[in-house]
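Note: the block below is my_file-v6.cif and it holds mmCIF, C-alpha atoms.
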```
data_target
loop_
_atom_site.label_atom_id
_atom_site.label_comp_id
_atom_site.auth_asym_id
_atom_site.auth_seq_id
_atom_site.Cartn_x
_atom_site.Cartn_y
_atom_site.Cartn_z
CA MET A 363 79.46 68.79 115.77
CA ASP A 364 77.85 66.45 113.25
CA ALA A 365 75.49 69.21 112.12
CA ILE A 366 78.44 71.33 110.95
CA LYS A 367 79.83 68.49 108.82
CA ALA A 368 76.34 67.95 107.40
CA LEU A 369 76.47 71.46 105.87
CA ALA A 370 78.66 69.96 103.16
CA ASP A 371 75.86 67.56 102.10
CA PRO A 372 73.14 69.24 99.98
CA GLY A 373 70.63 66.65 101.12
CA LEU A 374 71.25 67.32 104.82
CA ARG A 375 72.10 71.01 104.63
CA GLU A 376 68.78 72.60 105.50
CA ALA A 377 68.22 70.36 108.51
CA ALA A 378 71.76 71.11 109.66
CA ARG A 379 71.13 74.85 109.38
CA GLU A 380 68.01 74.54 111.50
CA SER A 381 69.83 72.46 114.11
CA LEU A 382 72.72 74.92 114.38
CA ALA A 383 70.42 77.93 114.51
CA ALA A 384 68.52 76.29 117.40
CA ARG A 385 71.77 75.94 119.36
CA GLY A 386 72.46 79.65 118.95
CA LEU A 387 75.59 80.94 120.67
CA ALA A 388 76.69 77.42 121.59
CA ALA A 389 77.26 76.71 117.90
CA VAL A 390 79.26 79.84 117.11
CA ARG A 391 82.70 78.79 118.37
CA PRO A 392 82.57 75.34 116.69
CA LEU A 393 81.46 77.01 113.46
CA LEU A 394 84.37 79.43 113.64
CA ASP A 395 86.80 76.58 114.29
CA GLU A 396 85.46 74.85 111.19
CA LEU A 397 85.77 78.07 109.20
CA LEU A 398 89.45 78.36 110.13
CA ASP A 399 90.23 74.70 109.44
CA ALA A 400 92.09 74.63 106.13
CA THR A 401 91.22 70.94 105.69
CA SER A 402 87.47 71.37 106.15
CA VAL A 403 85.17 70.19 103.38
CA VAL A 404 82.45 72.59 104.49
CA GLY A 405 82.23 75.62 102.25
CA ARG A 406 83.00 78.98 103.85
CA ARG A 407 79.80 80.45 102.45
CA GLU A 408 77.75 77.80 104.22
CA ILE A 409 79.31 78.65 107.58
CA GLU A 410 78.95 82.37 106.90
CA PHE A 411 75.26 81.87 106.05
CA VAL A 412 74.51 80.06 109.31
CA LEU A 413 76.41 82.60 111.42
CA THR A 414 74.99 85.75 109.85
CA LYS A 415 71.54 84.71 108.60
CA ARG A 416 70.41 81.93 110.92
CA ILE A 417 72.13 82.72 114.23
CA GLY A 418 72.37 86.39 113.29
CA PRO A 419 73.37 89.36 115.49
CA ALA A 420 73.86 87.15 118.53
CA ALA A 421 77.02 85.82 116.85
CA PHE A 422 78.48 89.27 116.13
CA ASP A 423 80.53 89.70 119.32
CA GLU A 424 82.18 86.29 119.08
CA VAL A 425 83.10 86.85 115.44
CA LEU A 426 84.53 90.26 116.36
CA ALA A 427 86.56 88.75 119.19
CA ALA A 428 87.94 86.02 116.93
CA LEU A 429 88.84 88.62 114.28
CA ALA A 430 90.68 90.74 116.84
CA ALA A 431 92.59 87.74 118.19
CA THR A 432 93.71 86.13 114.95
CA GLU A 433 97.19 86.80 113.61
CA ASP A 434 97.52 85.07 110.24
CA GLU A 435 96.35 86.65 106.99
CA GLU A 436 94.18 83.77 105.76
CA SER A 437 92.24 83.58 109.03
CA ARG A 438 91.71 87.35 108.98
CA HIS A 439 90.39 87.06 105.46
CA ARG A 440 87.89 84.33 106.37
CA LEU A 441 86.71 85.99 109.56
CA GLY A 442 86.52 89.38 107.85
CA GLY A 443 84.21 87.93 105.23
CA VAL A 444 81.81 86.79 107.96
CA PHE A 445 82.11 90.01 109.93
CA THR A 446 81.22 92.24 106.98
CA SER A 447 78.22 90.07 106.08
CA PHE A 448 76.20 90.85 109.20
CA ARG A 449 75.08 94.15 107.61
CA ALA A 450 74.77 95.56 111.13
CA VAL A 451 75.60 99.23 110.58
CA ASP A 452 75.15 100.30 114.22
CA ARG A 453 77.53 97.56 115.35
CA TYR A 454 80.04 98.48 112.68
CA VAL A 455 79.97 102.09 113.88
CA GLU A 456 80.71 100.88 117.42
CA ALA A 457 83.58 98.74 116.09
CA LEU A 458 85.24 101.76 114.48
CA SER A 459 86.72 102.58 117.89
CA HIS A 460 88.04 99.05 118.53
CA PRO A 461 91.75 98.81 119.54
CA SER A 462 92.42 96.37 116.68
CA ALA A 463 93.20 98.04 113.35
CA GLU A 464 92.00 94.89 111.61
CA VAL A 465 88.60 95.20 113.27
CA ARG A 466 88.40 98.89 112.41
CA CYS A 467 89.20 98.13 108.78
CA CYS A 468 86.59 95.38 108.58
CA ALA A 469 84.02 97.66 110.20
CA ILE A 470 84.70 100.19 107.43
CA PHE A 471 84.25 97.45 104.83
CA GLY A 472 80.99 96.47 106.47
CA ILE A 473 79.74 100.04 106.30
CA ARG A 474 80.71 100.24 102.65
CA SER A 475 78.83 97.03 101.83
CA VAL A 476 75.60 98.44 103.26
CA CYS A 477 75.80 102.20 102.81
CA SER A 478 77.53 102.88 99.50
CA VAL A 479 75.54 104.97 97.05
CA ALA A 480 78.17 104.65 94.29
CA GLY A 481 76.96 103.83 90.80
CA GLY A 482 73.53 105.29 91.45
CA ALA A 483 72.65 102.95 94.34
CA GLU A 484 69.91 104.18 96.63
CA PRO A 485 70.69 105.02 100.28
CA GLU A 486 69.99 102.13 102.64
CA PRO A 487 66.61 102.68 104.35
CA GLY A 488 66.75 103.14 108.09
CA VAL A 489 70.47 104.02 108.20
CA ASP A 490 71.50 107.26 109.87
CA TYR A 491 74.09 108.37 107.32
CA GLY A 492 74.98 111.42 109.38
CA LEU A 493 75.95 109.18 112.31
CA VAL A 494 78.04 106.95 110.03
CA ILE A 495 79.83 109.91 108.44
CA ASP A 496 80.58 111.52 111.80
CA ALA A 497 82.05 108.24 113.03
CA LEU A 498 84.24 107.75 109.97
CA ILE A 499 85.72 111.23 109.72
CA PRO A 500 88.06 110.92 112.75
CA LEU A 501 89.56 107.77 111.18
CA LEU A 502 91.03 109.93 108.42
CA ALA A 503 93.87 110.49 110.91
CA ASP A 504 93.97 106.92 112.20
CA PRO A 505 97.49 105.81 113.22
CA ASP A 506 97.07 102.78 110.97
CA ALA A 507 97.60 103.93 107.37
CA GLU A 508 95.28 101.29 105.92
CA VAL A 509 92.43 102.30 108.20
CA ALA A 510 92.89 105.96 107.23
CA HIS A 511 93.02 105.02 103.55
CA TRP A 512 89.80 103.02 103.66
CA ALA A 513 87.98 105.61 105.75
CA GLU A 514 88.73 108.11 102.98
CA ARG A 515 87.66 105.68 100.25
CA VAL A 516 84.35 104.90 101.93
CA LEU A 517 83.49 108.52 102.76
CA LYS A 518 83.75 109.20 99.03
CA VAL A 519 80.89 106.77 98.30
CA LEU A 520 78.44 107.85 101.00
CA GLY A 521 76.85 110.61 98.97
CA PRO A 522 76.48 114.38 99.30
CA GLY A 523 75.87 114.15 103.05
CA VAL A 524 79.64 114.17 103.57
CA VAL A 525 80.06 117.68 102.19
CA GLU A 526 78.96 119.85 105.12
CA PRO A 527 80.77 117.83 107.84
CA LEU A 528 83.96 117.93 105.80
CA ARG A 529 83.58 121.65 105.15
CA ARG A 530 83.41 122.10 108.90
CA VAL A 531 86.65 120.15 109.25
CA ARG A 532 88.27 122.36 106.61
CA GLY A 533 87.08 125.47 108.42
CA HIS A 534 87.53 124.53 112.05
CA GLY A 535 89.80 121.48 112.21
CA PRO A 536 91.19 119.45 113.73
CA GLY A 537 94.20 120.15 111.56
CA ARG A 538 95.23 116.50 111.19
CA LEU A 539 92.03 115.83 109.22
CA ARG A 540 92.11 118.81 106.88
CA SER A 541 94.22 117.42 104.07
CA ARG A 542 92.18 114.27 103.52
CA ALA A 543 88.97 116.24 103.98
CA LEU A 544 89.96 118.44 101.04
CA THR A 545 90.66 115.41 98.85
CA ILE A 546 87.28 113.87 99.66
CA LEU A 547 85.42 117.12 99.02
CA ALA A 548 87.06 117.45 95.61
CA SER A 549 86.27 113.82 94.77
CA VAL A 550 82.64 114.04 95.85
CA GLY A 551 81.66 117.48 94.60
CA GLY A 552 84.60 118.80 92.64
CA GLU A 553 85.66 122.40 92.84
CA GLU A 554 82.08 123.40 93.53
CA ALA A 555 82.19 121.62 96.89
CA LEU A 556 85.14 123.70 98.09
CA SER A 557 84.81 126.91 100.04
CA PRO A 558 86.04 130.15 98.44
CA ALA A 559 89.03 130.02 100.79
CA ASP A 560 89.92 126.50 99.67
CA ARG A 561 89.58 127.42 96.00
CA ALA A 562 91.91 130.34 96.54
CA ALA A 563 94.36 128.09 98.38
CA VAL A 564 94.39 125.59 95.50
CA ASP A 565 94.97 128.37 92.97
CA ARG A 566 97.82 129.71 95.13
CA LEU A 567 99.40 126.25 95.37
CA ILE A 568 99.27 125.86 91.60
CA ARG A 569 100.97 129.22 91.13
CA ILE A 570 103.70 128.23 93.57
CA LYS A 571 104.33 124.90 91.87
CA LEU A 572 104.37 126.50 88.43
CA SER A 573 107.44 128.52 89.40
CA ASP A 574 109.64 125.45 88.98
CA ASP A 575 107.32 123.11 87.07
CA GLU A 576 109.22 120.48 85.11
CA ALA A 577 107.95 118.64 82.05
CA GLN A 578 106.90 115.04 82.56
CA PRO A 579 105.49 112.32 80.28
CA LEU A 580 101.81 112.81 79.50
CA ASP A 581 100.83 109.20 78.90
CA VAL A 582 97.36 108.44 80.22
CA GLY A 583 97.11 104.94 78.73
CA SER A 584 94.49 105.94 76.17
CA THR A 585 95.98 109.22 75.01
CA SER A 586 94.71 111.67 72.39
CA TRP A 587 96.48 114.90 71.48
CA ILE A 588 96.97 117.62 68.90
CA GLY A 589 100.46 118.98 68.23
CA VAL A 590 101.27 122.39 66.73
CA PRO A 591 104.83 123.66 66.06
CA THR A 592 104.43 126.99 67.83
CA GLY A 593 104.79 128.66 71.19
CA ASP A 594 101.71 130.79 70.49
CA GLN A 595 99.57 129.13 73.14
CA ARG A 596 97.08 131.99 73.26
CA GLY A 597 96.59 131.88 69.49
CA VAL A 598 96.06 128.12 69.53
CA ILE A 599 93.50 128.43 72.32
CA GLU A 600 91.61 131.16 70.46
CA LEU A 601 91.62 129.34 67.12
CA LEU A 602 90.30 126.13 68.70
CA GLY A 603 87.54 128.00 70.52
CA LEU A 604 88.80 126.91 73.92
CA PHE A 605 87.72 128.96 76.92
CA ASP A 606 87.98 129.34 80.68
CA ALA A 607 91.72 128.64 80.53
CA ARG A 608 93.29 128.19 83.96
CA PRO A 609 96.96 127.68 84.86
CA ALA A 610 97.95 124.05 85.41
CA THR A 611 101.11 122.13 86.19
CA PHE A 612 102.18 119.15 84.11
CA ALA A 613 101.05 116.89 86.97
CA LEU A 614 97.61 118.51 86.99
CA GLY A 615 97.35 118.21 83.20
CA LEU A 616 98.26 114.54 83.42
CA SER A 617 95.78 113.94 86.23
CA VAL A 618 92.95 115.67 84.36
CA GLY A 619 93.84 113.74 81.20
CA MET A 620 93.80 110.48 83.13
CA HIS A 621 90.39 111.25 84.61
CA ASP A 622 88.88 112.39 81.30
CA SER A 623 90.17 109.39 79.37
CA HIS A 624 89.22 106.63 81.81
CA ASP A 625 86.39 107.71 84.14
CA GLY A 626 84.00 108.15 81.24
CA VAL A 627 85.39 109.83 78.12
CA GLU A 628 85.15 113.61 78.55
CA HIS A 629 85.13 115.83 75.45
CA GLY A 630 84.52 119.05 77.35
CA ARG A 631 88.03 119.70 78.64
CA VAL A 632 91.66 119.56 77.47
CA TYR A 633 95.10 120.34 78.85
CA VAL A 634 97.17 122.75 76.75
CA THR A 635 100.89 122.46 77.46
CA PRO A 636 103.30 125.35 77.60
CA GLU A 637 105.72 125.47 74.69
CA VAL A 638 107.67 122.19 74.77
CA ASP A 639 110.69 121.98 72.46
CA GLY A 640 109.00 124.48 70.17
CA TRP A 641 105.58 122.78 70.11
CA THR A 642 102.25 123.26 71.87
CA LEU A 643 100.33 120.07 72.67
CA ILE A 644 96.62 119.81 73.44
CA LEU A 645 95.76 116.67 75.43
CA GLY A 646 92.33 115.05 75.84
CA PRO A 647 89.79 112.75 74.16
CA TRP A 648 88.41 115.77 72.27
CA CYS A 649 91.56 115.58 70.11
CA ASP A 650 91.14 111.98 68.85
CA PRO A 651 91.37 111.95 65.02
CA GLY A 652 89.99 108.42 64.85
CA ASP A 653 86.92 108.84 67.05
CA PRO A 654 83.83 108.46 64.82
CA GLU A 655 82.09 111.25 66.74
CA ARG A 656 85.06 113.61 66.62
CA ALA A 657 87.02 112.69 63.47
CA GLU A 658 85.56 115.27 61.10
CA ASP A 659 85.75 118.10 63.60
CA VAL A 660 89.33 117.17 64.50
CA LEU A 661 90.16 117.16 60.78
CA ARG A 662 88.66 120.65 60.48
CA VAL A 663 90.46 122.22 63.43
CA VAL A 664 93.81 120.60 62.65
CA THR A 665 93.51 121.88 59.08
CA GLU A 666 92.81 125.39 60.37
CA LEU A 667 95.80 125.17 62.70
CA SER A 668 98.04 124.11 59.81
CA ARG A 669 96.95 127.08 57.73
CA ARG A 670 98.08 129.44 60.48
CA TYR A 671 101.17 127.61 61.74
CA GLY A 672 102.28 125.67 58.65
CA ARG A 673 101.81 122.23 60.18
CA ALA A 674 99.53 120.52 62.69
CA GLN A 675 98.99 116.93 63.74
CA ALA A 676 96.62 114.83 65.84
CA TYR A 677 97.14 111.40 67.37
CA HIS A 678 95.46 108.72 69.44
CA SER A 679 97.30 105.88 71.18
CA VAL A 680 96.10 103.05 73.41
CA GLU A 681 99.14 101.73 75.25
CA GLU A 682 98.03 98.39 76.68
CA ASP A 683 95.59 96.90 74.18
CA GLY A 684 96.80 98.73 71.10
CA GLY A 685 94.99 101.10 68.81
CA SER A 686 96.40 104.12 66.99
CA ALA A 687 95.26 106.97 64.81
CA TRP A 688 97.16 109.85 63.29
CA LEU A 689 96.45 112.91 61.21
CA VAL A 690 99.15 115.03 59.55
CA VAL A 691 98.24 118.29 57.80
CA GLU A 692 100.53 120.85 56.14
CA ASN A 693 99.48 124.32 54.99
CA GLY A 694 95.83 123.32 54.92
CA ASN A 695 96.40 120.11 52.95
CA VAL A 696 95.88 116.66 54.49
CA VAL A 697 99.06 114.63 54.06
CA ARG A 698 97.87 111.52 55.87
CA ARG A 699 95.13 110.21 58.11
CA PHE A 700 95.06 106.62 59.26
CA ARG A 701 93.46 104.52 62.02
CA ALA A 702 94.55 101.06 63.14
CA SER A 703 92.28 99.52 65.75
CA TRP A 704 91.26 96.18 64.22
CA GLU A 705 87.75 97.57 63.67
CA ASP A 706 85.87 96.92 60.42
CA ASP A 707 85.48 100.63 59.71
CA ASP A 708 89.18 101.54 60.03
CA ALA A 709 89.48 101.96 56.25
CA GLN A 710 86.99 104.79 56.10
CA PHE A 711 89.39 107.02 58.05
CA THR A 712 92.25 106.61 55.57
CA LEU A 713 93.33 109.72 53.68
CA GLY A 714 96.53 110.32 51.73
CA GLU A 715 99.46 108.05 50.98
CA PRO A 716 101.64 106.23 53.54
CA LEU A 717 104.24 108.44 55.19
CA PRO A 718 107.93 107.66 54.70
CA GLU A 719 108.06 107.06 58.48
CA GLU A 720 105.30 104.44 58.18
CA ARG A 721 107.21 102.62 55.44
CA ALA A 722 110.45 102.82 57.43
CA ALA A 723 108.71 101.25 60.44
CA CYS A 724 107.65 98.32 58.23
CA VAL A 725 111.20 97.82 56.97
CA GLU A 726 112.51 97.87 60.52
CA GLU A 727 109.88 95.33 61.53
CA GLY A 728 110.81 93.08 58.58
CA ILE A 729 107.51 93.29 56.71
CA ILE A 730 106.69 94.56 53.22
CA PRO A 731 106.15 98.33 53.48
CA VAL A 732 102.57 99.55 53.49
CA GLY A 733 101.56 100.71 50.04
CA ASP A 734 103.86 98.27 48.22
CA ALA A 735 102.63 95.34 46.18
CA GLY A 736 102.33 92.25 48.35
CA ALA A 737 102.01 94.17 51.63
CA ASP A 738 100.02 92.23 54.21
CA ASP A 739 97.19 94.36 55.63
CA GLU A 740 97.00 92.30 58.83
CA GLU A 741 100.73 92.59 59.51
CA TRP A 742 100.59 96.32 58.87
CA THR A 743 97.62 96.82 61.18
CA ASP A 744 99.32 94.88 63.98
CA LEU A 745 102.33 97.20 63.66
CA ALA A 746 100.37 100.41 63.09
CA ALA A 747 98.21 99.87 66.16
CA TYR A 748 101.17 100.87 68.34
CA LEU A 749 102.82 103.40 66.02
CA SER A 750 101.35 106.79 67.02
CA PRO A 751 103.88 107.76 69.72
CA ARG A 752 106.79 106.87 67.43
CA LEU A 753 105.39 108.90 64.52
CA ALA A 754 104.70 111.85 66.80
CA GLU A 755 108.30 111.80 68.00
CA GLN A 756 109.66 111.56 64.45
CA LEU A 757 107.40 114.27 63.05
CA GLY A 758 107.43 116.63 66.01
CA VAL A 759 107.05 116.10 69.76
CA SER A 760 105.39 113.16 71.52
CA PRO A 761 103.75 113.81 74.91
CA MET A 762 105.09 110.44 76.06
CA ASP A 763 108.68 111.64 75.69
CA LEU A 764 108.50 114.87 77.70
CA GLY A 765 110.79 115.08 80.72
CA PRO A 766 113.56 117.05 82.44
CA HIS A 767 115.39 117.28 79.10
CA THR A 768 112.46 119.15 77.51
CA THR A 769 112.82 122.90 76.95
CA VAL A 770 109.72 124.55 78.44
CA ARG A 771 108.51 128.12 77.94
CA GLY A 772 105.36 129.48 79.56
CA VAL A 773 102.79 127.62 81.64
CA GLY A 774 100.22 124.98 80.84
CA ARG A 775 96.49 125.53 81.07
CA VAL A 776 93.40 123.39 81.56
CA THR A 777 90.64 124.74 79.33
CA LEU A 778 87.10 123.93 78.32
CA THR A 779 86.27 123.01 74.73
CA PRO A 780 83.38 124.11 72.49
CA TYR A 781 81.74 120.79 73.41
CA ALA A 782 81.30 122.12 76.95
CA ARG A 783 79.31 125.11 75.67
CA GLU A 784 76.71 122.77 74.20
CA HIS A 785 76.75 119.93 76.73
CA GLY A 786 77.62 121.63 80.01
CA ARG A 787 80.77 121.95 82.03
CA PRO A 788 82.57 118.70 82.96
CA ASN A 789 82.40 117.42 86.50
CA THR A 790 85.56 118.15 88.42
CA GLY A 791 87.28 115.92 90.92
CA ALA A 792 90.38 115.41 93.04
CA TYR A 793 93.46 115.82 90.87
CA ALA A 794 97.19 115.82 91.53
CA ILE A 795 98.88 119.23 91.42
#
```
Can the structure from this file be put into structure tokens for me?
Amino acid sequence: MDAIKALADPGLREAARESLAARGLAAVRPLLDELLDATSVVGRREIEFVLTKRIGPAAFDEVLAALAATEDEESRHRLGGVFTSFRAVDRYVEALSHPSAEVRCCAIFGIRSVCSVAGGAEPEPGVDYGLVIDALIPLLADPDAEVAHWAERVLKVLGPGVVEPLRRVRGHGPGRLRSRALTILASVGGEEALSPADRAAVDRLIRIKLSDDEAQPLDVGSTSWIGVPTGDQRGVIELLGLFDARPATFALGLSVGMHDSHDGVEHGRVYVTPEVDGWTLILGPWCDPGDPERAEDVLRVVTELSRRYGRAQAYHSVEEDGGSAWLVVENGNVVRRFRASWEDDDAQFTLGEPLPEERAACVEEGIIPVGDAGADDEEWTDLAAYLSPRLAEQLGVSPMDLGPHTTVRGVGRVTLTPYAREHGRPNTGAYAI
């Protein structure tokens, strides 16, 4: 149809839209053919606009049928883009029972595009969220793994209305939905959304897994930790003012650390390891010795720890983009504090003289050792920005190097920090156990 080709011409586009809209259903199939033509000069967005905004709901069934019939990935992608742009929630709910897994997936995407309340978005007016939630829940056990995955993902962004229906699933079944229902409840409302029975079940599972818990690397990408050469976990917890300590596996500690370091920095919670090769590690952003908001308090608590246990250290390491900080204290005396993050205020964190391990790293790298005449500050910073894990390993124990070879005594614990007393308890979520 000439009108379809005219969509590519800005001067003719509006008239072409009007012409195609007037033809209604008769224009849908030719428009879809043009959409799927890899050689077409007509932009996909132009075709999508005519189908969804000018022809509108009348085109829905033909787009659905084309989506169900197509077999190649690129065509599915193009048709799926049109399908999810109708913003027709009632039709998407109907399509959730379609025999085609591709259609079911796209219907879920369509619901997400209209109904998500993530990021503070307001609920869509006129949408029956209860109806949408009830239709999505059975898909948690869909035979197609991708459909089940996306049903779970979208239920997590539909707001607090999912809690009661999912609690009913947890309490009354069907059994095939219970596992994913628990994950969604934890993601949406944390521990507080779980029933007393579910909380008890989680605690029981943690106790079971702790019986043969094996150390694993605790690298969360942007990792902060305090290290103390002692197995006196209780004493460390008391001295730091930590509270509400609860048993946790290494996997749970890693999962909490990942959440608290990346989903909005959380200072209200840390993971305290069991004794690992003679050390106790405390993991979480609260431990960062180079954080302007935390640096002085970290200096204070690490100094107190060193007075009791002889030595104590704190580190921060950003794996991908670089950025390090370290603090080494012995018997109440600061040996060294340094931050390397390419920020203008790095120098204000420097205390003490370079460590022998810092100078050795420079020699190994082939640069003049830090502190020597002629040392290049830029070269040193580029090296130091990735040095924290190495220094931690040389001076004690690095959380990145834990594993089956690590000697473990006791059990780890997730605890709240003094920050939580002043600012409220952290939000909980769905964590690995």
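Every protein, DNA or RNA residue with an atom at most 10 Å from A:Asp653, where all atoms listed in the file count and chain neighbours fewer than 6 positions away do not, is listed here: Ser586, Pro647, Asp659, Val660, His678, Ala687, Arg701 and Phe711 of chain A.
When atom CA of A:Val618 is paired with atom CA of A:Leu778, their separation reads 11.8 Å.
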Got a sec to resolve the PyMOL selection byres ((chain A and resi 389-394) around 8) on this structure and send the residues as a CSV table (one decimal) with C-alpha atoms, in the frame of the given file?
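This went into result29.csv:
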```
chain,number,residue,atom,x,y,z
A,363,MET,CA,79.5,68.8,115.8
A,366,ILE,CA,78.4,71.3,111.0
A,382,LEU,CA,72.7,74.9,114.4
A,383,ALA,CA,70.4,77.9,114.5
A,385,ARG,CA,71.8,75.9,119.4
A,386,GLY,CA,72.5,79.6,119.0
A,387,LEU,CA,75.6,80.9,120.7
A,388,ALA,CA,76.7,77.4,121.6
A,395,ASP,CA,86.8,76.6,114.3
A,396,GLU,CA,85.5,74.8,111.2
A,397,LEU,CA,85.8,78.1,109.2
A,398,LEU,CA,89.4,78.4,110.1
A,409,ILE,CA,79.3,78.6,107.6
A,413,LEU,CA,76.4,82.6,111.4
A,421,ALA,CA,77.0,85.8,116.8
A,424,GLU,CA,82.2,86.3,119.1
A,425,VAL,CA,83.1,86.8,115.4
```
- Which residues, written as a ChimeraX atom specification, have at least one atom at most 8 Å from stretch 737-752 of chain A, with all atoms listed in the file counted and residues fewer than 5 positions away on the same chain left out? /A:677-681,684-688,701-704,724,729-732,760-762
Which polymer residues have any atom within 9 Å of an atom of A:Lys571, counting only C-alpha atoms, with same-chain residues fewer than 4 positions away left out, as a short mmCIF file (atom, residue, chain, number, x, y, z; two decimals) with C-alpha atoms, in the coordinates of the input?
```
data_model
loop_
_atom_site.label_atom_id
_atom_site.label_comp_id
_atom_site.auth_asym_id
_atom_site.auth_seq_id
_atom_site.Cartn_x
_atom_site.Cartn_y
_atom_site.Cartn_z
CA ARG A 566 97.82 129.71 95.13
CA LEU A 567 99.40 126.25 95.37
CA ASP A 575 107.32 123.11 87.07
CA THR A 611 101.11 122.13 86.19
CA ILE A 795 98.88 119.23 91.42
#
```
- Task: Apply the PyMOL selection byres ((chain A and resi 710) around 12) to the displayed file and report the matching residues as a PyMOL selection string.
- Result: chain A and resi 652-654+657-658+699-702+705-709+711-714
- Residues picked by the PyMOL selection byres ((chain A and resi 525) around 8) here, as an MDAnalysis selection string? chainID A and resid 522:524 526:529 547 550:551 555
- Excluding A:Arg771 and residues on its chain fewer than 2 positions from it, collect all residues at most 9 Å away from it, counting all atoms listed in the file, and give them as JSON, numbers by chain. {"A": [593, 636, 637, 638, 639, 640, 769, 773]}
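Residue nearest A:Gly774, chosen from A:Ala368, A:Leu426, A:Ala431, A:Leu572 and counting only C-alpha atoms: A:Leu572.
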